[in-house]
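In what follows, a single structure is set out as structure tokens and then discussed.
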Amino acid sequence: MNFKKLNYQTHLYFLPLIAAHYLISIFFIGEIIIEPHDNLDIVVVYDHIISKIYKGNIESLNYFLSGEIRWYYLEKLFYPLNILHYLLDDKFFYFTNDILKKIIPYFSFFLLAKSLGASRFNSALGGVLYSTILYIQMPLGLALHFLPYILYLLLTKNSLSKKHYLFLFLIGLNSSLVQDIFTFIFLFPLAFLLSNKKNKFNIYLKIFTVIFISSLLSNIHLVIGSVLSEPIHREIMASTKSGIIFSLQEAFKIFFTYVDTKNPLFIFHIPLTLLTGFILILSFFSKHKNIRKILFFIIFILILKSIMGYSLIDNIFVGTLEILKGYNFQRVDRIIPIGFSLLFVLIISDIKSKNLKNLLIIISFFSILSVQLKTPTTEIGRIFLSNSMNVEKFNEIKVSISKNNYIRVFKNIFNNNNYEEKEINLNHSTIRTFDNYYNFKDYLFIKNIVKESRIMSVGLDPMVAVMNDIKVIDGYHTIYPLSYKIKFRKIIEQELKNNINLKKYYDDWGNRVYAFYTDKNNILLDFQFAKTVGAEYILSRFPIDNNDLKIICFQCNNSNYIFLYKIL
């Protein structure tokens, strides 16, 4: 391919890259595979409740946590994007939002890179890389997605028109002030470093003022609610960092790896880790002023992040400032994706060696595709192996993965003797699709039994029940009353005593208010106290033998994973 001949067709070559996981999912199973973590298990369910509120059902908020979630805990409640709820159902709203969050950063970064003199090809590649990095982080709101556009205005405009003010105002209204305030703050020194004109304080002030005020307007309820309401659970979150050196190591480690290296899916991030390493090394030896400026800016942010992550910071917030203990100050690193993506574009634009440039481009393509295809390929692979492989060998692979013994994993996969001859049907074999995850058919059956009563889920995601308009006492929430966390803890107290990891997970973090257990054959949950909290039924993934429970339906609606009990 002659890259020099690419013109307006450039986008036709690059946009399929950010839609790669859509395309491969539809090709193999006919539906789009979705990563549930921090997505289907919280964001979509909150959007479902917000949709109901916009349509006049204010009481739907009571579905959460025995009715103790308040309206001012809904961070996205006043985002203008919610107008789409009037036009789209939950599923189409999710995919519309998801597509926008892929396309906006691509074109936003493309515009920025072009303004800095990069070629269309380099700008488009940088845009896909930036969109992909945001795909890893799944940020709330649209601040990070429009960040390159804001930087573009800071670098290229000496004055703002009415359309610029309007656009900036809408961006701010759809942004998370809580999560992205540091991003906005550090965007301005980054712009100052890259700008050739140093007397643009006036334009900087105008842009920041519009963004900050509009973002404050759509997020002010969080601030007021946190200050005036009862203490929230985040106030007793504990820092996991034991020292400044450890914190610094963690900051740089995450910068290179993006995910926990103990996670077996880290293999999909190896190309991106290699690309990051190459870019960082080349940046150190580059004589390009902007490259060196961005490099030192990233290093400064990583050092600042390590300081913010150090447990000493917890001792600063006492008295009225204690509410800030639950704030994640390490979000200062949310400015890094745009910095790194700019570094990448400037490097490949500045390199004189054609071979080295082509190597970086190839690695970047592998990085983008590897991340984009991580979720669908692993799930499609799991479905294929589970349907075609000997059960014993398939279980052996799962054990090997948990032990990070990847050599044994590949030996089992490529051993023809481990497979059985049978027809393979990939359709409807995964819960990682929108409809299958929320299991609307089976939960409608449960809803018709429990009606307006509350349930607690064991071994099942409690947010699925909320998505099916069933009231619950458990769930996944980033903001909720501290008193509720303490109260719910009594239900799982014995389980926490017997499992130190679960104890740390709940006591030190606590966003997931779940009916945790260690052994499904020896459930130590206090079902009577769950009844006191508000639950009348227990919905379980497996049978439970307990004198406090009465079976209502065994394998409800002919499902092998739905068991309903009434608390006596």
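Quick note on naming: the chains in the structure tokens go A, B, ... in the order shown, residues restart at 1 in each chain, and ligands are numbered from 1 in order of appearance.
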- Message: Taking 2 positions as the minimum chain separation for residues in the same chain, which residues sit within 9 Å of region 458-474 of chain A when counting only C-alpha atoms? Answer as a PyMOL selection string.
- Response: chain A and resi 40-42+44-46+48-49+60+62-67+437-440+443-444+446-447+450-456+476+488+512-517+520+530+533-535+538-542+561-562
For the selection just defined, write its residues with C-alpha atoms to a file, as an mmCIF file, in the first residue's frame.
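Result saved to result-v7.cif:
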data_model
loop_
_atom_site.group_PDB
_atom_site.id
_atom_site.type_symbol
_atom_site.label_atom_id
_atom_site.label_comp_id
_atom_site.auth_asym_id
_atom_site.auth_seq_id
_atom_site.Cartn_x
_atom_site.Cartn_y
_atom_site.Cartn_z
ATOM 1 C CA LEU A 40 -22.646 -4.551 32.128
ATOM 2 C CA ASP A 41 -22.359 -5.021 35.878
ATOM 3 C CA ILE A 42 -22.803 -1.333 36.732
ATOM 4 C CA VAL A 44 -25.592 -0.136 31.852
ATOM 5 C CA VAL A 45 -27.753 -0.805 34.925
ATOM 6 C CA TYR A 46 -27.346 2.786 36.133
ATOM 7 C CA HIS A 48 -31.372 1.775 32.848
ATOM 8 C CA ILE A 49 -32.462 3.455 36.089
ATOM 9 C CA SER A 60 -37.166 3.128 40.181
ATOM 10 C CA ASN A 62 -35.541 2.328 45.096
ATOM 11 C CA TYR A 63 -34.597 -0.862 43.249
ATOM 12 C CA PHE A 64 -31.033 -0.378 44.553
ATOM 13 C CA LEU A 65 -29.725 -1.336 48.022
ATOM 14 C CA SER A 66 -32.995 -1.479 49.979
ATOM 15 C CA GLY A 67 -33.888 1.945 48.628
ATOM 16 C CA TYR A 437 -25.960 -11.418 30.318
ATOM 17 C CA TYR A 438 -29.216 -9.904 31.537
ATOM 18 C CA ASN A 439 -31.128 -13.151 30.960
ATOM 19 C CA PHE A 440 -34.441 -11.329 30.476
ATOM 20 C CA TYR A 443 -35.634 -13.108 35.304
ATOM 21 C CA LEU A 444 -39.118 -12.277 34.035
ATOM 22 C CA ILE A 446 -38.571 -14.655 38.824
ATOM 23 C CA LYS A 447 -40.139 -11.176 38.698
ATOM 24 C CA VAL A 450 -41.274 -12.068 43.820
ATOM 25 C CA LYS A 451 -43.263 -9.111 42.420
ATOM 26 C CA GLU A 452 -42.329 -6.038 44.550
ATOM 27 C CA SER A 453 -40.364 -7.992 47.172
ATOM 28 C CA ARG A 454 -36.600 -7.614 47.479
ATOM 29 C CA ILE A 455 -34.057 -10.341 46.779
ATOM 30 C CA MET A 456 -30.409 -11.043 47.515
ATOM 31 C CA TYR A 476 -22.164 -2.713 42.644
ATOM 32 C CA PHE A 488 -24.728 -5.258 55.079
ATOM 33 C CA ARG A 512 -19.281 -4.445 45.473
ATOM 34 C CA VAL A 513 -21.914 -5.057 48.126
ATOM 35 C CA TYR A 514 -22.220 -8.761 47.357
ATOM 36 C CA ALA A 515 -23.249 -11.879 49.256
ATOM 37 C CA PHE A 516 -19.679 -13.183 49.224
ATOM 38 C CA TYR A 517 -18.970 -16.834 49.974
ATOM 39 C CA LYS A 520 -20.932 -23.100 48.000
ATOM 40 C CA ALA A 530 -30.560 -10.283 55.185
ATOM 41 C CA VAL A 533 -32.052 -5.521 55.770
ATOM 42 C CA GLY A 534 -34.991 -6.020 53.424
ATOM 43 C CA ALA A 535 -34.593 -9.252 51.454
ATOM 44 C CA ILE A 538 -32.684 -15.468 47.872
ATOM 45 C CA LEU A 539 -31.793 -16.027 44.226
ATOM 46 C CA SER A 540 -28.910 -18.452 43.843
ATOM 47 C CA ARG A 541 -26.799 -19.921 41.051
ATOM 48 C CA PHE A 542 -26.752 -23.283 42.869
ATOM 49 C CA TYR A 561 -28.410 -21.895 37.196
ATOM 50 C CA ILE A 562 -31.462 -20.258 38.797
#
- Message: I'd like the contact shell of Asp507 (chain A) - 10 Å cut-off, only C-alpha atoms, skipping same-chain residues fewer than 4 positions apart - returned as a PyMOL selection string.
- Response: chain A and resi 233+236-238+485-486+489+496+501-503+511
Can those selected residues be exported to a file as a tab-separated table (two decimals), in the first residue's frame so that it contains N, CA and C atoms?
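So again00.tsv came out as:
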chain	number	residue	atom	x	y	z
A	233	HIS	N	-19.47	5.46	51.76
A	233	HIS	CA	-18.58	4.33	52.06
A	233	HIS	C	-17.14	4.60	51.67
A	236	ILE	N	-13.97	5.43	54.20
A	236	ILE	CA	-13.14	4.49	54.98
A	236	ILE	C	-12.37	3.54	54.06
A	237	MET	N	-12.30	3.90	52.76
A	237	MET	CA	-11.47	3.10	51.87
A	237	MET	C	-10.02	3.21	52.32
A	238	ALA	N	-9.30	2.09	52.28
A	238	ALA	CA	-7.92	2.07	52.76
A	238	ALA	C	-6.95	2.05	51.60
A	485	LYS	N	-23.02	0.02	54.23
A	485	LYS	CA	-21.90	-0.90	54.12
A	485	LYS	C	-21.70	-1.64	55.45
A	486	ILE	N	-21.78	-0.90	56.54
A	486	ILE	CA	-21.62	-1.50	57.87
A	486	ILE	C	-22.76	-2.46	58.16
A	489	ARG	N	-22.57	-5.67	56.09
A	489	ARG	CA	-21.43	-6.50	56.48
A	489	ARG	C	-21.83	-7.62	57.45
A	496	LEU	N	-16.45	-13.41	55.80
A	496	LEU	CA	-15.26	-12.56	55.80
A	496	LEU	C	-14.24	-13.03	56.83
A	501	ASN	N	-8.88	-12.57	52.13
A	501	ASN	CA	-8.91	-11.81	50.87
A	501	ASN	C	-10.26	-11.13	50.66
A	502	LEU	N	-11.34	-11.86	50.95
A	502	LEU	CA	-12.66	-11.26	50.85
A	502	LEU	C	-12.83	-10.14	51.87
A	503	LYS	N	-12.25	-10.33	53.06
A	503	LYS	CA	-12.34	-9.32	54.11
A	503	LYS	C	-11.67	-8.01	53.66
A	511	ASN	N	-16.92	-1.37	47.02
A	511	ASN	CA	-17.88	-0.96	45.99
A	511	ASN	C	-18.87	-2.08	45.66
- Could you tell me, as a count of residues only, which residues of region 453-544 of chain A DSSP assigns to strand (DSSP E) when given the backbone? 17
- When DSSP works through the backbone of this structure, what residues of region 121-248 of chain A end up as helix (DSSP H, G or I), shown as a PyMOL selection string? chain A and resi 121-137+143-156+162-173+177-194+201-228+233-236+244-248
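Among A:Ser195, A:Leu280, A:Thr433, A:His21, the residue with the shortest atom-to-atom distance to Leu116 (chain A), counting only C-alpha atoms, is A:Ser195.
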- Which neighbours of Leu274 (chain A) fall inside 10 Å, counting only C-alpha atoms, when residues of the same chain fewer than 5 positions from it are skipped, and could you give them as number ranges by chain? A: 256-257, 269, 279-280, 360, 363-364, 367
If you keep N, CA and C atoms, can you produce a file of those selected residues as a PDB file, in the first residue's frame?
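The result, written out as part.pdb:
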ATOM      1  N   PHE A 256       3.355   0.970  31.612  1.00  0.00           N
ATOM      2  CA  PHE A 256       3.862   0.076  30.570  1.00  0.00           C
ATOM      3  C   PHE A 256       2.893  -1.063  30.252  1.00  0.00           C
ATOM      4  N   THR A 257       2.227  -1.600  31.263  1.00  0.00           N
ATOM      5  CA  THR A 257       1.438  -2.823  31.068  1.00  0.00           C
ATOM      6  C   THR A 257      -0.050  -2.569  30.884  1.00  0.00           C
ATOM      7  N   HIS A 269      -1.857  -7.569  25.845  1.00  0.00           N
ATOM      8  CA  HIS A 269      -1.297  -6.224  25.998  1.00  0.00           C
ATOM      9  C   HIS A 269       0.208  -6.197  25.747  1.00  0.00           C
ATOM     10  N   ILE A 279       8.792   3.489  22.268  1.00  0.00           N
ATOM     11  CA  ILE A 279       8.527   4.933  22.185  1.00  0.00           C
ATOM     12  C   ILE A 279       9.266   5.680  23.294  1.00  0.00           C
ATOM     13  N   LEU A 280       9.280   5.093  24.486  1.00  0.00           N
ATOM     14  CA  LEU A 280       9.945   5.747  25.607  1.00  0.00           C
ATOM     15  C   LEU A 280      11.457   5.836  25.367  1.00  0.00           C
ATOM     16  N   LEU A 360       7.747   0.263  13.969  1.00  0.00           N
ATOM     17  CA  LEU A 360       6.846   0.861  14.952  1.00  0.00           C
ATOM     18  C   LEU A 360       5.400   0.839  14.470  1.00  0.00           C
ATOM     19  N   ILE A 363       4.121  -2.743  14.869  1.00  0.00           N
ATOM     20  CA  ILE A 363       3.847  -3.044  16.281  1.00  0.00           C
ATOM     21  C   ILE A 363       2.585  -2.320  16.741  1.00  0.00           C
ATOM     22  N   SER A 364       2.394  -1.078  16.275  1.00  0.00           N
ATOM     23  CA  SER A 364       1.201  -0.326  16.669  1.00  0.00           C
ATOM     24  C   SER A 364      -0.060  -0.993  16.139  1.00  0.00           C
ATOM     25  N   SER A 367      -0.674  -3.895  18.286  1.00  0.00           N
ATOM     26  CA  SER A 367      -1.129  -3.429  19.597  1.00  0.00           C
ATOM     27  C   SER A 367      -2.615  -3.115  19.572  1.00  0.00           C
TER      28      SER A 367
END
- With distances taken over only C-alpha atoms, the candidate from A:Arg432, A:His37, A:Lys262, A:Lys357 nearest Leu275 (chain A) is A:Lys357
- Task: Name the residues in contact with Lys487 (chain A) at a cut-off of 10 Å, using only C-alpha atoms, excluding same-chain residues fewer than 3 positions from it; report them as a list in words.
- Result: Leu482, Ser483, Tyr484, Lys490, Ile491, Ile492, Phe529, Ala530, Thr532 and Val533 of chain A
- Query: With distances taken over only C-alpha atoms, which of A:Ile267, A:Val399, A:Ile351, A:Leu369 is nearest to Phe14 (chain A)?
  - Reply: A:Leu369
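Nearest residue to Asn82 (chain A), choosing from A:Tyr94, A:Phe366, A:Tyr106, A:Phe445 and counting only C-alpha atoms: A:Tyr94.
With only C-alpha atoms as the atoms that count, the minimum distance from Ile362 (chain A) to the choices A:Val223, A:Ile338, A:Leu125, A:Ile407 is reached by A:Leu125.
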List the spatial neighbours of Phe266 (chain A) as a PDB file with N, CA and C atoms, in the first residue's frame - criterion: any atom at most 12 Å away, only C-alpha atoms, same-chain residues fewer than 5 positions off excluded.
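The new file out.pdb reads:
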ATOM      1  N   ILE A 136      -9.442   0.587  26.757  1.00  0.00           N
ATOM      2  CA  ILE A 136      -8.929  -0.174  27.904  1.00  0.00           C
ATOM      3  C   ILE A 136      -9.444   0.425  29.204  1.00  0.00           C
ATOM      4  N   ILE A 254       2.117   0.157  35.632  1.00  0.00           N
ATOM      5  CA  ILE A 254       0.813   0.300  34.989  1.00  0.00           C
ATOM      6  C   ILE A 254       0.933   1.101  33.698  1.00  0.00           C
ATOM      7  N   PHE A 256       3.355   0.970  31.612  1.00  0.00           N
ATOM      8  CA  PHE A 256       3.862   0.076  30.570  1.00  0.00           C
ATOM      9  C   PHE A 256       2.893  -1.063  30.252  1.00  0.00           C
ATOM     10  N   THR A 257       2.227  -1.600  31.263  1.00  0.00           N
ATOM     11  CA  THR A 257       1.438  -2.823  31.068  1.00  0.00           C
ATOM     12  C   THR A 257      -0.050  -2.569  30.884  1.00  0.00           C
ATOM     13  N   TYR A 258      -0.569  -1.455  31.409  1.00  0.00           N
ATOM     14  CA  TYR A 258      -1.980  -1.070  31.315  1.00  0.00           C
ATOM     15  C   TYR A 258      -2.897  -1.951  32.168  1.00  0.00           C
ATOM     16  N   VAL A 259      -2.545  -3.192  32.410  1.00  0.00           N
ATOM     17  CA  VAL A 259      -3.341  -4.095  33.229  1.00  0.00           C
ATOM     18  C   VAL A 259      -2.421  -4.859  34.166  1.00  0.00           C
ATOM     19  N   ASP A 260      -3.007  -5.601  35.090  1.00  0.00           N
ATOM     20  CA  ASP A 260      -2.258  -6.425  36.025  1.00  0.00           C
ATOM     21  C   ASP A 260      -1.582  -7.568  35.272  1.00  0.00           C
ATOM     22  N   THR A 261      -0.277  -7.684  35.403  1.00  0.00           N
ATOM     23  CA  THR A 261       0.459  -8.730  34.687  1.00  0.00           C
ATOM     24  C   THR A 261       0.112 -10.133  35.178  1.00  0.00           C
ATOM     25  N   PRO A 271       1.990  -6.565  22.909  1.00  0.00           N
ATOM     26  CA  PRO A 271       2.407  -5.662  21.820  1.00  0.00           C
ATOM     27  C   PRO A 271       2.367  -4.192  22.221  1.00  0.00           C
ATOM     28  N   LEU A 272       1.343  -3.789  22.977  1.00  0.00           N
ATOM     29  CA  LEU A 272       1.245  -2.402  23.416  1.00  0.00           C
ATOM     30  C   LEU A 272       2.341  -2.068  24.417  1.00  0.00           C
ATOM     31  N   THR A 273       2.699  -3.041  25.258  1.00  0.00           N
ATOM     32  CA  THR A 273       3.800  -2.847  26.204  1.00  0.00           C
ATOM     33  C   THR A 273       5.115  -2.664  25.453  1.00  0.00           C
ATOM     34  N   SER A 370      -4.706  -6.342  18.917  1.00  0.00           N
ATOM     35  CA  SER A 370      -4.638  -7.258  20.052  1.00  0.00           C
ATOM     36  C   SER A 370      -5.568  -6.810  21.171  1.00  0.00           C
ATOM     37  N   VAL A 371      -5.569  -5.499  21.474  1.00  0.00           N
ATOM     38  CA  VAL A 371      -6.441  -4.975  22.517  1.00  0.00           C
ATOM     39  C   VAL A 371      -7.901  -5.029  22.080  1.00  0.00           C
ATOM     40  N   LYS A 374      -9.219  -8.617  22.206  1.00  0.00           N
ATOM     41  CA  LYS A 374      -9.004  -9.377  23.439  1.00  0.00           C
ATOM     42  C   LYS A 374     -10.282 -10.040  23.935  1.00  0.00           C
ATOM     43  N   THR A 375     -11.341  -9.280  24.100  1.00  0.00           N
ATOM     44  CA  THR A 375     -12.584  -9.821  24.646  1.00  0.00           C
ATOM     45  C   THR A 375     -13.248 -10.833  23.732  1.00  0.00           C
ATOM     46  N   THR A 378     -10.929 -14.218  23.151  1.00  0.00           N
ATOM     47  CA  THR A 378     -10.832 -15.100  24.323  1.00  0.00           C
ATOM     48  C   THR A 378     -12.152 -15.815  24.578  1.00  0.00           C
ATOM     49  N   ILE A 401      -4.130 -21.957  33.379  1.00  0.00           N
ATOM     50  CA  ILE A 401      -4.230 -20.508  33.206  1.00  0.00           C
ATOM     51  C   ILE A 401      -4.187 -19.808  34.559  1.00  0.00           C
ATOM     52  N   ASN A 404      -0.776 -19.508  35.652  1.00  0.00           N
ATOM     53  CA  ASN A 404       0.097 -18.834  34.676  1.00  0.00           C
ATOM     54  C   ASN A 404       1.057 -19.796  33.992  1.00  0.00           C
ATOM     55  N   TYR A 406       1.433 -21.134  30.939  1.00  0.00           N
ATOM     56  CA  TYR A 406       0.932 -20.991  29.575  1.00  0.00           C
ATOM     57  C   TYR A 406       1.519 -22.030  28.614  1.00  0.00           C
TER      58      TYR A 406
END
